[in-house]
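As stored in data.cif (mmCIF, C-alpha atoms):
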```
data_work
loop_
_atom_site.label_atom_id
_atom_site.label_comp_id
_atom_site.auth_asym_id
_atom_site.auth_seq_id
_atom_site.Cartn_x
_atom_site.Cartn_y
_atom_site.Cartn_z
CA MET A 1 -77.44 -43.23 18.66
CA THR A 2 -75.71 -46.60 18.94
CA PRO A 3 -71.95 -46.32 18.21
CA SER A 4 -70.80 -48.21 15.14
CA LYS A 5 -69.10 -51.52 15.85
CA LYS A 6 -67.04 -51.10 12.66
CA HIS A 7 -63.72 -49.86 14.01
CA HIS A 8 -61.55 -48.87 11.06
CA TYR A 9 -57.82 -49.40 11.51
CA LEU A 10 -57.43 -47.50 8.24
CA PRO A 11 -59.73 -44.48 8.70
CA GLN A 12 -62.34 -43.80 6.08
CA PHE A 13 -61.02 -40.32 5.26
CA TYR A 14 -57.69 -41.92 4.33
CA LEU A 15 -59.31 -44.66 2.24
CA ARG A 16 -61.33 -42.12 0.26
CA GLY A 17 -58.06 -41.03 -1.30
CA PHE A 18 -57.86 -44.39 -3.09
CA THR A 19 -61.36 -44.56 -4.56
CA ASN A 20 -62.53 -44.10 -8.15
CA PRO A 21 -65.00 -41.34 -9.16
CA GLU A 22 -67.86 -43.57 -7.98
CA GLY A 23 -66.43 -43.66 -4.47
CA SER A 24 -65.43 -47.31 -4.53
CA PHE A 25 -62.29 -49.38 -5.04
CA TYR A 26 -61.26 -52.99 -5.54
CA ILE A 27 -60.03 -55.17 -2.71
CA PHE A 28 -57.64 -58.10 -3.05
CA ASP A 29 -58.21 -60.60 -0.25
CA LYS A 30 -55.02 -62.65 0.11
CA LYS A 31 -56.69 -65.24 2.34
CA ASN A 32 -59.58 -66.01 -0.01
CA GLU A 33 -57.55 -65.19 -3.14
CA GLU A 34 -60.26 -63.02 -4.63
CA ILE A 35 -60.74 -59.50 -5.97
CA ARG A 36 -64.02 -57.77 -5.19
CA ALA A 37 -65.55 -54.30 -5.29
CA SER A 38 -65.87 -52.45 -1.99
CA ASN A 39 -65.79 -48.98 -0.43
CA PRO A 40 -64.23 -47.21 2.59
CA LEU A 41 -67.21 -47.86 4.89
CA ASN A 42 -67.06 -51.61 4.40
CA SER A 43 -63.30 -52.17 4.30
CA PHE A 44 -60.27 -52.26 6.60
CA TYR A 45 -62.11 -52.58 9.90
CA VAL A 46 -62.53 -55.10 12.70
CA ASN A 47 -65.77 -55.21 14.65
CA ASN A 48 -65.27 -53.75 18.13
CA ARG A 49 -61.49 -53.72 17.77
CA ASN A 50 -61.23 -50.62 19.99
CA THR A 51 -63.93 -51.58 22.47
CA SER A 52 -62.77 -52.18 26.05
CA THR A 53 -64.50 -54.04 28.85
CA VAL A 54 -64.30 -52.94 32.49
CA LYS A 55 -66.40 -54.88 35.02
CA ASP A 56 -68.74 -56.12 32.26
CA GLU A 57 -69.26 -52.57 30.96
CA LYS A 58 -68.27 -51.66 27.39
CA PHE A 59 -66.24 -48.54 26.58
CA VAL A 60 -65.21 -47.10 23.20
CA LEU A 61 -62.81 -44.48 24.55
CA LEU A 62 -59.99 -45.48 22.19
CA GLU A 63 -62.32 -45.30 19.19
CA ASP A 64 -63.52 -41.86 20.31
CA ILE A 65 -59.93 -40.61 20.61
CA TYR A 66 -59.09 -41.97 17.17
CA SER A 67 -62.14 -40.15 15.79
CA GLN A 68 -60.89 -36.89 17.28
CA PHE A 69 -57.42 -37.41 15.81
CA ASP A 70 -58.94 -38.25 12.43
CA SER A 71 -61.12 -35.13 12.39
CA ILE A 72 -58.02 -33.00 12.98
CA THR A 73 -55.85 -34.80 10.42
CA ALA A 74 -58.40 -35.19 7.62
CA PRO A 75 -58.43 -31.54 6.42
CA HIS A 76 -54.63 -31.45 6.19
CA LEU A 77 -54.42 -34.69 4.23
CA GLU A 78 -57.27 -33.59 1.98
CA LYS A 79 -55.50 -30.30 1.27
CA LEU A 80 -52.32 -32.20 0.44
CA ARG A 81 -54.19 -34.53 -1.89
CA LYS A 82 -55.55 -31.57 -3.86
CA THR A 83 -52.11 -30.14 -4.53
CA THR A 84 -50.31 -30.38 -7.84
CA PRO A 85 -46.56 -30.50 -8.54
CA GLU A 86 -46.76 -26.80 -9.32
CA ASN A 87 -48.39 -25.66 -6.05
CA LEU A 88 -47.13 -28.21 -3.52
CA ASN A 89 -46.19 -26.51 -0.26
CA MET A 90 -45.56 -28.83 2.67
CA ALA A 91 -46.34 -26.30 5.39
CA THR A 92 -45.04 -26.91 8.90
CA GLU A 93 -48.36 -27.91 10.46
CA MET A 94 -49.25 -30.13 7.50
CA PHE A 95 -45.85 -31.82 7.72
CA HIS A 96 -46.28 -32.60 11.41
CA ARG A 97 -49.88 -33.78 10.98
CA VAL A 98 -48.86 -36.17 8.20
CA ARG A 99 -45.90 -37.44 10.22
CA MET A 100 -48.08 -38.05 13.30
CA PHE A 101 -50.73 -39.75 11.17
CA ILE A 102 -48.17 -42.13 9.68
CA THR A 103 -46.85 -42.97 13.14
CA GLN A 104 -50.38 -43.62 14.38
CA MET A 105 -51.07 -45.90 11.42
CA TYR A 106 -48.07 -48.04 12.32
CA TRP A 107 -49.55 -48.84 15.75
CA ARG A 108 -53.19 -48.85 14.65
CA VAL A 109 -53.14 -51.70 12.13
CA PRO A 110 -53.48 -55.38 13.14
CA ARG A 111 -50.01 -56.19 11.78
CA SER A 112 -48.50 -54.38 14.79
CA ASP A 113 -50.50 -56.31 17.39
CA GLU A 114 -47.71 -58.68 18.38
CA ASP A 115 -45.14 -55.87 18.77
CA PHE A 116 -47.74 -53.80 20.60
CA GLU A 117 -48.40 -56.46 23.23
CA ARG A 118 -44.69 -57.01 23.76
CA LEU A 119 -43.94 -53.30 24.22
CA VAL A 120 -46.82 -52.71 26.61
CA ASP A 121 -45.33 -55.34 28.88
CA GLN A 122 -41.76 -54.04 28.50
CA LEU A 123 -42.16 -50.26 28.73
CA SER A 124 -42.49 -48.53 32.07
CA PHE A 125 -44.83 -45.56 32.40
CA LYS A 126 -41.83 -43.24 32.33
CA GLN A 127 -40.50 -44.78 29.12
CA ALA A 128 -43.94 -44.40 27.58
CA GLY A 129 -43.92 -40.70 28.46
CA PHE A 130 -46.43 -40.42 31.31
CA ASP A 131 -46.73 -40.84 35.08
CA ILE A 132 -49.24 -40.99 37.91
CA LYS A 133 -48.71 -38.47 40.71
CA ASP A 134 -50.36 -37.63 43.97
CA ALA A 135 -51.63 -34.19 45.04
CA ASP A 136 -48.09 -33.16 46.01
CA GLY A 137 -46.66 -34.04 42.61
CA ARG A 138 -44.91 -37.20 43.74
CA SER A 139 -44.94 -40.25 41.51
CA VAL A 140 -47.06 -43.10 42.82
CA ALA A 141 -46.62 -45.34 39.78
CA THR A 142 -45.05 -48.27 41.57
CA GLU A 143 -44.19 -51.39 39.62
CA GLU A 144 -47.11 -53.12 41.32
CA LEU A 145 -49.57 -50.40 40.27
CA GLN A 146 -48.21 -50.36 36.73
CA GLY A 147 -48.64 -54.12 36.50
CA GLN A 148 -52.21 -53.92 37.77
CA LEU A 149 -53.17 -51.20 35.31
CA LYS A 150 -51.57 -53.03 32.40
CA GLU A 151 -53.85 -55.96 33.15
CA THR A 152 -56.86 -53.68 32.66
CA ASP A 153 -58.28 -53.95 29.13
CA LEU A 154 -59.16 -50.26 28.85
CA PHE A 155 -55.79 -49.00 30.08
CA ARG A 156 -53.84 -51.51 27.99
CA LYS A 157 -55.57 -50.48 24.78
CA MET A 158 -54.81 -46.83 25.51
CA TYR A 159 -51.16 -47.62 24.80
CA ARG A 160 -52.12 -47.38 21.12
CA ILE A 161 -52.34 -43.64 21.80
CA PHE A 162 -49.18 -43.52 23.93
CA LEU A 163 -46.83 -45.43 21.60
CA PRO A 164 -47.06 -43.02 18.62
CA LEU A 165 -46.20 -40.15 20.96
CA ILE A 166 -42.92 -41.80 21.94
CA SER A 167 -41.59 -41.05 18.46
CA TYR A 168 -42.02 -37.37 19.33
CA GLN A 169 -40.07 -37.47 22.57
CA GLU A 170 -36.88 -35.43 22.46
CA LYS A 171 -34.80 -38.61 22.16
CA TYR A 172 -36.43 -39.64 18.89
CA LYS A 173 -38.18 -36.71 17.22
CA THR A 174 -36.89 -35.14 14.02
CA THR A 175 -38.01 -32.04 12.12
CA ASP A 176 -35.99 -32.54 8.95
CA PHE A 177 -38.26 -31.13 6.27
CA GLU A 178 -35.52 -31.46 3.68
CA ASN A 179 -35.59 -35.27 3.89
CA CYS A 180 -39.26 -35.70 3.01
CA ARG A 181 -40.81 -35.52 -0.43
CA VAL A 182 -44.22 -36.10 -1.94
CA TYR A 183 -44.06 -37.85 -5.32
CA PHE A 184 -46.90 -37.57 -7.83
CA ARG A 185 -47.89 -40.75 -9.59
CA PRO A 186 -48.96 -40.26 -13.23
CA ASN A 187 -51.25 -43.30 -13.58
CA GLN A 188 -53.08 -42.69 -10.25
CA PHE A 189 -53.19 -46.41 -9.47
CA GLN A 190 -51.30 -46.31 -6.16
CA LEU A 191 -52.23 -49.18 -3.85
CA THR A 192 -52.63 -49.10 -0.12
CA GLY A 193 -53.26 -51.95 2.28
CA ASP A 194 -53.72 -53.11 5.83
CA ASN A 195 -49.99 -52.65 6.42
CA PRO A 196 -49.34 -49.46 4.42
CA LEU A 197 -46.08 -48.20 5.93
CA ILE A 198 -42.93 -49.60 4.31
CA ILE A 199 -39.99 -49.22 6.72
CA LYS A 200 -36.42 -50.00 5.78
CA GLU A 201 -35.65 -51.40 9.23
CA PHE A 202 -37.24 -50.97 12.65
CA LYS A 203 -34.48 -50.18 15.15
CA ASP A 204 -36.26 -47.88 17.59
CA PHE A 205 -39.15 -45.42 17.66
CA ARG A 206 -37.25 -43.04 15.41
CA SER A 207 -37.39 -45.62 12.60
CA ILE A 208 -41.09 -44.92 12.01
CA ASN A 209 -40.16 -41.43 10.81
CA GLU A 210 -37.04 -42.32 8.82
CA GLU A 211 -36.37 -44.26 5.61
CA ILE A 212 -40.03 -44.92 4.86
CA PHE A 213 -42.57 -45.02 2.05
CA PHE A 214 -46.23 -44.29 2.73
CA PRO A 215 -49.10 -44.06 0.18
CA LEU A 216 -51.03 -40.81 0.69
CA SER A 217 -53.58 -41.34 -2.09
CA SER A 218 -53.97 -43.04 -5.46
CA ASP A 219 -51.66 -40.44 -7.05
CA LYS A 220 -49.32 -39.42 -4.20
CA LEU A 221 -46.56 -41.17 -2.29
CA TYR A 222 -44.81 -39.81 0.80
CA VAL A 223 -41.09 -40.61 0.98
CA HIS A 224 -38.74 -39.83 3.83
CA THR A 225 -35.06 -40.63 3.35
CA LYS A 226 -31.70 -39.05 4.05
CA GLN A 227 -30.49 -40.35 0.71
CA PRO A 228 -30.51 -38.35 -2.55
CA LYS A 229 -33.99 -38.08 -4.03
CA PRO A 230 -34.62 -38.19 -7.78
CA LYS A 231 -37.03 -35.79 -9.42
CA ASN A 232 -39.36 -38.57 -10.57
CA LEU A 233 -39.96 -42.23 -9.77
CA PRO A 234 -39.72 -44.67 -12.70
CA GLY A 235 -42.43 -47.18 -13.51
CA GLU A 236 -40.30 -50.10 -12.34
CA PHE A 237 -40.01 -48.56 -8.88
CA LEU A 238 -43.78 -47.95 -8.62
CA LEU A 239 -44.54 -51.50 -9.73
CA THR A 240 -42.16 -52.90 -7.12
CA LEU A 241 -43.68 -50.61 -4.49
CA ASP A 242 -47.18 -51.93 -5.20
CA MET A 243 -45.95 -55.50 -5.11
CA MET A 244 -44.27 -54.80 -1.77
CA LEU A 245 -47.57 -53.51 -0.36
CA ILE A 246 -49.24 -56.76 -1.42
CA GLU A 247 -46.42 -58.88 -0.02
CA GLN A 248 -46.36 -57.24 3.41
CA ALA A 249 -50.14 -56.95 3.77
CA THR A 250 -51.69 -59.15 6.42
CA ARG A 251 -54.72 -59.81 4.25
CA PHE A 252 -56.10 -56.85 2.26
CA VAL A 253 -54.92 -54.30 -0.31
CA CYS A 254 -57.02 -51.97 -2.44
CA CYS A 255 -56.73 -50.09 -5.73
CA SER A 256 -59.02 -47.80 -7.69
CA ASP A 257 -58.34 -49.67 -10.94
CA LYS A 258 -59.46 -53.30 -11.22
CA ALA A 259 -57.42 -54.14 -14.34
CA TYR A 260 -54.17 -52.95 -12.75
CA LEU A 261 -54.88 -54.86 -9.53
CA GLU A 262 -55.63 -58.00 -11.55
CA LEU A 263 -52.34 -57.60 -13.39
CA LEU A 264 -50.42 -57.38 -10.11
CA VAL A 265 -52.22 -60.30 -8.50
CA ASN A 266 -52.54 -62.72 -11.40
CA ASP A 267 -49.27 -62.12 -13.22
CA LEU A 268 -46.84 -61.03 -10.50
CA TYR A 269 -48.02 -61.90 -7.00
CA SER A 270 -48.91 -65.47 -7.91
CA TYR A 271 -45.27 -65.92 -8.94
CA SER A 272 -43.55 -63.93 -6.19
CA LYS A 273 -45.36 -65.63 -3.30
CA ARG A 274 -43.85 -68.93 -4.36
CA HIS A 275 -40.31 -67.53 -4.15
CA ASN A 276 -40.44 -65.27 -1.05
CA PHE A 277 -39.24 -62.06 -2.73
CA GLU A 278 -40.34 -59.68 0.06
CA ASN A 279 -36.86 -58.88 1.42
CA GLN A 280 -35.43 -58.63 -2.06
CA MET A 281 -38.13 -56.18 -3.12
CA LYS A 282 -37.64 -54.03 -0.02
CA ASN A 283 -33.90 -53.86 -0.63
CA GLN A 284 -34.54 -52.95 -4.25
CA LEU A 285 -36.88 -50.10 -3.26
CA PHE A 286 -34.50 -48.48 -0.78
CA SER A 287 -31.43 -49.03 -2.95
CA PHE A 288 -33.08 -46.77 -5.54
CA PHE A 289 -32.41 -43.83 -3.18
CA ARG A 290 -28.65 -43.66 -2.88
#
```

Please go through the file and, once you have read it, give me the structure as structure tokens.
Amino acid sequence: MTPSKKHHYLPQFYLRGFTNPEGSFYIFDKKNEEIRASNPLNSFYVNNRNTSTVKDEKFVLLEDIYSQFDSITAPHLEKLRKTTPENLNMATEMFHRVRMFITQMYWRVPRSDEDFERLVDQLSFKQAGFDIKDADGRSVATEELQGQLKETDLFRKMYRIFLPLISYQEKYKTTDFENCRVYFRPNQFQLTGDNPLIIKEFKDFRSINEEIFFPLSSDKLYVHTKQPKPKNLPGEFLLTLDMMLIEQATRFVCCSDKAYLELLVNDLYSYSKRHNFENQMKNQLFSFFR
């Protein structure tokens, strides 16, 4: 069986949480300024994005590893999606799976490519959390060897697996269950996009797990903040959140409801893009939690 060349940077199991009963959703393409019907299979992918070339031979090792991660994460996210406000129980394993998935998404999407390339060049093997040792356990990862390996396409792309793990090193990891909350959205029109993680400010690898908003599905939003958390989120906040997802998207966002997406795009985004409201909207979102 020939491996698919469609390498999804937003995995299909995640996208299925934003579909309508027919299994489809509506895509807004910022580049072409159009709204069209689509589905998880045919959206949020780049052909051969995770394919590596070594001596003219093609490898899909990174795509295979992502598939393994996705198969582990999918049941936990699906279980979370099926919960109601009355039976929500963010169990320890579910909490960690969701947190790791969010961290992976940050480094998996095309929006992170520039930061990714910069960090691969800057971080030593030790800083990235691994080493190369000989049979006696002595490190042989000289600067010269590190430089040579980083020039290898296959090895360089594997940093997309290494970087999310840095957030779980002792220096950065947190296990503060009390600071996370899943909010239920009454209208079930939550957007997601090709840059789905809203971060207050990126300071270090800990930032990916702190002061963030992340859409889990069309009716659920994951929030992590040390600030006081209200019982419910008002409509104004949710509208601003959706607009922020459109603003920070590289190109695509999706929604299960066409009329709502058209409202956002035609009445609000067309105005906001002329006035560069992205920073203002982000500040407004995080100032709600204080």

Given the PyMOL selection byres ((chain A and resi 252) around 6) and the file above, list the residues it selects as number ranges by chain.
A: 28-29, 193-194, 251, 253

Evaluate the PyMOL selection byres ((chain A and resi 265) around 10) and record the selected residues as number ranges by chain, following the chain and residue labels used in the document.
A: 28, 30, 33-35, 243, 246, 259-264, 266-272

Show me, as a PyMOL selection string, the residues that have an atom within 8 Å of A:Leu285 when counting all atoms listed in the file, minus same-chain residues fewer than 2 positions from it.
chain A and resi 237+240-241+281-283+287-289

Selection under test: the PyMOL selection byres ((chain A and resi 39) around 8); residues as a list in words
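Written out, the selection comes to Thr19, Gly23, Ser24, Phe25, Tyr26, Ala37, Ser38, Pro40, Leu41, Asn42 and Ser43 of chain A.
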
Separation of atom CA of A:Lys203 from atom CA of A:Tyr45 in Å
28.2 Å

Pick the closest to A:Pro3 from A:Asn32, A:Ser167, A:Gln284, A:Asn50: which is it, counting all atoms listed in the file?
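Under the stated criterion, the closest residue is A:Asn50.
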
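Between A:Ile27 and the residues A:Glu144, A:Glu57, A:Glu93, A:Asp257, the shortest atom-to-atom distance, using only C-alpha atoms, involves A:Asp257.
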
Residue contacts of stretch 10-13 of chain A (10 Å, only C-alpha atoms) excluding same-chain residues fewer than 3 positions away, as a ChimeraX atom specification:
/A:7,16-18,39-45,66-67,70-71,73-75,77-78,105,108-109,192-196

Write the residues of the preceding selection, restricted to C-alpha atoms, as a short mmCIF file (atom, residue, chain, number, x, y, z; two decimals), in the frame of the given file.
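For reference, out27.cif as written:
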```cif
data_model
loop_
_atom_site.label_atom_id
_atom_site.label_comp_id
_atom_site.auth_asym_id
_atom_site.auth_seq_id
_atom_site.Cartn_x
_atom_site.Cartn_y
_atom_site.Cartn_z
CA HIS A 7 -63.72 -49.86 14.01
CA ARG A 16 -61.33 -42.12 0.26
CA GLY A 17 -58.06 -41.03 -1.30
CA PHE A 18 -57.86 -44.39 -3.09
CA ASN A 39 -65.79 -48.98 -0.43
CA PRO A 40 -64.23 -47.21 2.59
CA LEU A 41 -67.21 -47.86 4.89
CA ASN A 42 -67.06 -51.61 4.40
CA SER A 43 -63.30 -52.17 4.30
CA PHE A 44 -60.27 -52.26 6.60
CA TYR A 45 -62.11 -52.58 9.90
CA TYR A 66 -59.09 -41.97 17.17
CA SER A 67 -62.14 -40.15 15.79
CA ASP A 70 -58.94 -38.25 12.43
CA SER A 71 -61.12 -35.13 12.39
CA THR A 73 -55.85 -34.80 10.42
CA ALA A 74 -58.40 -35.19 7.62
CA PRO A 75 -58.43 -31.54 6.42
CA LEU A 77 -54.42 -34.69 4.23
CA GLU A 78 -57.27 -33.59 1.98
CA MET A 105 -51.07 -45.90 11.42
CA ARG A 108 -53.19 -48.85 14.65
CA VAL A 109 -53.14 -51.70 12.13
CA THR A 192 -52.63 -49.10 -0.12
CA GLY A 193 -53.26 -51.95 2.28
CA ASP A 194 -53.72 -53.11 5.83
CA ASN A 195 -49.99 -52.65 6.42
CA PRO A 196 -49.34 -49.46 4.42
#
```

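Computed from the coordinates, the atom CA of A:Phe189 to atom CA of A:Pro230 distance equals 20.4 Å.
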
Would you kindly return, as a PyMOL selection string, each protein, DNA or RNA residue with an atom no farther than 10 Å from any atom of A:Phe59, considering all atoms listed in the file and excluding same-chain residues fewer than 5 positions away?
chain A and resi 48+50-54+64+153-154

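All protein, DNA and RNA residues at most 9 Å from (-40.7, -42.2, 13.1) are A:Arg99, A:Met100, A:Ile102, A:Thr103, A:Pro164, A:Ser167, A:Tyr168, A:Tyr172, A:Lys173, A:Thr174, A:Asp204, A:Phe205, A:Arg206, A:Ser207, A:Ile208, A:Asn209, A:Glu210, A:Glu211, A:Ile212, using only C-alpha atoms.
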
What would the file look like if the residues just selected were written as an mmCIF file, keeping the file's coordinate frame with C-alpha atoms?
```cif
data_model
loop_
_atom_site.group_PDB
_atom_site.id
_atom_site.type_symbol
_atom_site.label_atom_id
_atom_site.label_comp_id
_atom_site.auth_asym_id
_atom_site.auth_seq_id
_atom_site.Cartn_x
_atom_site.Cartn_y
_atom_site.Cartn_z
ATOM 1 C CA ARG A 99 -45.900 -37.440 10.220
ATOM 2 C CA MET A 100 -48.080 -38.050 13.300
ATOM 3 C CA ILE A 102 -48.170 -42.130 9.680
ATOM 4 C CA THR A 103 -46.850 -42.970 13.140
ATOM 5 C CA PRO A 164 -47.060 -43.020 18.620
ATOM 6 C CA SER A 167 -41.590 -41.050 18.460
ATOM 7 C CA TYR A 168 -42.020 -37.370 19.330
ATOM 8 C CA TYR A 172 -36.430 -39.640 18.890
ATOM 9 C CA LYS A 173 -38.180 -36.710 17.220
ATOM 10 C CA THR A 174 -36.890 -35.140 14.020
ATOM 11 C CA ASP A 204 -36.260 -47.880 17.590
ATOM 12 C CA PHE A 205 -39.150 -45.420 17.660
ATOM 13 C CA ARG A 206 -37.250 -43.040 15.410
ATOM 14 C CA SER A 207 -37.390 -45.620 12.600
ATOM 15 C CA ILE A 208 -41.090 -44.920 12.010
ATOM 16 C CA ASN A 209 -40.160 -41.430 10.810
ATOM 17 C CA GLU A 210 -37.040 -42.320 8.820
ATOM 18 C CA GLU A 211 -36.370 -44.260 5.610
ATOM 19 C CA ILE A 212 -40.030 -44.920 4.860
#
```

What's the separation between atom CA of A:Gly235 and atom CA of A:Lys82, in Å to one decimal place?
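Here the two named atoms are 22.6 Å from each other.
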
Would you kindly identify which residues have an atom no farther than 10 Å from (-41.7, -37.6, -9.3), using all atoms listed in the file and the file's own coordinates, and write them out as number ranges by chain?
A: 85, 181-186, 220-221, 229-234

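Between A:Thr152 and the residues A:Asn187, A:Lys55, A:Lys79, A:Phe125, the shortest atom-to-atom distance, using all atoms listed in the file, involves A:Lys55.
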
Would you pick out the contacts of A:Phe162 at 10 Å or less, using all atoms listed in the file, so that residues sharing its chain but fewer than 2 positions from it are not included, and give the list as a PDB file with C-alpha atoms, in the frame of the given file?
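Output contents, as saved in result_22.pdb:
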```pdb
ATOM      1  CA  GLN A 104     -50.380 -43.620  14.380  1.00  0.00           C
ATOM      2  CA  TRP A 107     -49.550 -48.840  15.750  1.00  0.00           C
ATOM      3  CA  VAL A 120     -46.820 -52.710  26.610  1.00  0.00           C
ATOM      4  CA  PHE A 125     -44.830 -45.560  32.400  1.00  0.00           C
ATOM      5  CA  ALA A 128     -43.940 -44.400  27.580  1.00  0.00           C
ATOM      6  CA  GLY A 129     -43.920 -40.700  28.460  1.00  0.00           C
ATOM      7  CA  PHE A 130     -46.430 -40.420  31.310  1.00  0.00           C
ATOM      8  CA  LYS A 157     -55.570 -50.480  24.780  1.00  0.00           C
ATOM      9  CA  MET A 158     -54.810 -46.830  25.510  1.00  0.00           C
ATOM     10  CA  TYR A 159     -51.160 -47.620  24.800  1.00  0.00           C
ATOM     11  CA  ARG A 160     -52.120 -47.380  21.120  1.00  0.00           C
ATOM     12  CA  PRO A 164     -47.060 -43.020  18.620  1.00  0.00           C
ATOM     13  CA  LEU A 165     -46.200 -40.150  20.960  1.00  0.00           C
ATOM     14  CA  ILE A 166     -42.920 -41.800  21.940  1.00  0.00           C
ATOM     15  CA  SER A 167     -41.590 -41.050  18.460  1.00  0.00           C
TER      16      SER A 167
END
```

Exercise: A:Phe177 partners within 12 Å, all atoms listed in the file, chain neighbours under 5 positions left out, as a PyMOL selection string
chain A and resi 89-96+98-99+182+209-210+223-226

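Across A:Ser218, A:Val140, A:Phe213, A:Phe202, the tightest approach to A:Asp115 is made by A:Phe202 when counting all atoms listed in the file.
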
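Each of A:Asn20, A:Gln146, A:Ser4, A:Thr83 was checked against A:Val60 using only C-alpha atoms; the smallest atom-to-atom distance is that of A:Ser4.
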
Which residue gives the smallest distance to A:Glu63 among A:His76, A:His8, A:Arg81, A:Arg36, with only C-alpha atoms counted?
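Of all the options, A:His8 lies closest to A:Glu63.
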
For stretch 66-77 of chain A in the structure I just supplied, write out N, CA, C and O atoms - as an mmCIF file, in the first residue's frame.
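Just written: out_8.cif:
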```
data_model
loop_
_atom_site.group_PDB
_atom_site.id
_atom_site.type_symbol
_atom_site.label_atom_id
_atom_site.label_comp_id
_atom_site.auth_asym_id
_atom_site.auth_seq_id
_atom_site.Cartn_x
_atom_site.Cartn_y
_atom_site.Cartn_z
ATOM 1 N N TYR A 66 4.103 10.569 14.010
ATOM 2 C CA TYR A 66 2.897 11.357 14.263
ATOM 3 C C TYR A 66 1.661 10.459 14.295
ATOM 4 O O TYR A 66 0.768 10.632 15.138
ATOM 5 N N SER A 67 1.592 9.502 13.389
ATOM 6 C CA SER A 67 0.443 8.589 13.341
ATOM 7 C C SER A 67 0.324 7.786 14.632
ATOM 8 O O SER A 67 -0.784 7.557 15.141
ATOM 9 N N GLN A 68 1.474 7.372 15.176
ATOM 10 C CA GLN A 68 1.458 6.630 16.435
ATOM 11 C C GLN A 68 0.989 7.518 17.584
ATOM 12 O O GLN A 68 0.174 7.101 18.413
ATOM 13 N N PHE A 69 1.500 8.749 17.633
ATOM 14 C CA PHE A 69 1.049 9.691 18.656
ATOM 15 C C PHE A 69 -0.458 9.929 18.543
ATOM 16 O O PHE A 69 -1.179 9.957 19.546
ATOM 17 N N ASP A 70 -0.924 10.117 17.321
ATOM 18 C CA ASP A 70 -2.338 10.405 17.095
ATOM 19 C C ASP A 70 -3.227 9.247 17.536
ATOM 20 O O ASP A 70 -4.297 9.453 18.122
ATOM 21 N N SER A 71 -2.779 8.028 17.270
ATOM 22 C CA SER A 71 -3.588 6.862 17.646
ATOM 23 C C SER A 71 -3.696 6.721 19.161
ATOM 24 O O SER A 71 -4.697 6.196 19.673
ATOM 25 N N ILE A 72 -2.684 7.201 19.880
ATOM 26 C CA ILE A 72 -2.720 7.166 21.342
ATOM 27 C C ILE A 72 -3.594 8.287 21.892
ATOM 28 O O ILE A 72 -4.367 8.100 22.840
ATOM 29 N N THR A 73 -3.498 9.466 21.280
ATOM 30 C CA THR A 73 -4.206 10.642 21.779
ATOM 31 C C THR A 73 -5.683 10.620 21.434
ATOM 32 O O THR A 73 -6.519 11.067 22.226
ATOM 33 N N ALA A 74 -6.035 10.121 20.264
ATOM 34 C CA ALA A 74 -7.404 10.201 19.757
ATOM 35 C C ALA A 74 -8.464 9.682 20.734
ATOM 36 O O ALA A 74 -9.485 10.347 20.950
ATOM 37 N N PRO A 75 -8.285 8.515 21.363
ATOM 38 C CA PRO A 75 -9.330 8.030 22.280
ATOM 39 C C PRO A 75 -9.552 8.959 23.475
ATOM 40 O O PRO A 75 -10.685 9.109 23.946
ATOM 41 N N HIS A 76 -8.490 9.572 23.967
ATOM 42 C CA HIS A 76 -8.624 10.473 25.109
ATOM 43 C C HIS A 76 -9.372 11.752 24.724
ATOM 44 O O HIS A 76 -10.239 12.226 25.472
ATOM 45 N N LEU A 77 -9.044 12.291 23.561
ATOM 46 C CA LEU A 77 -9.722 13.507 23.117
ATOM 47 C C LEU A 77 -11.177 13.205 22.781
ATOM 48 O O LEU A 77 -12.074 14.012 23.068
#
```
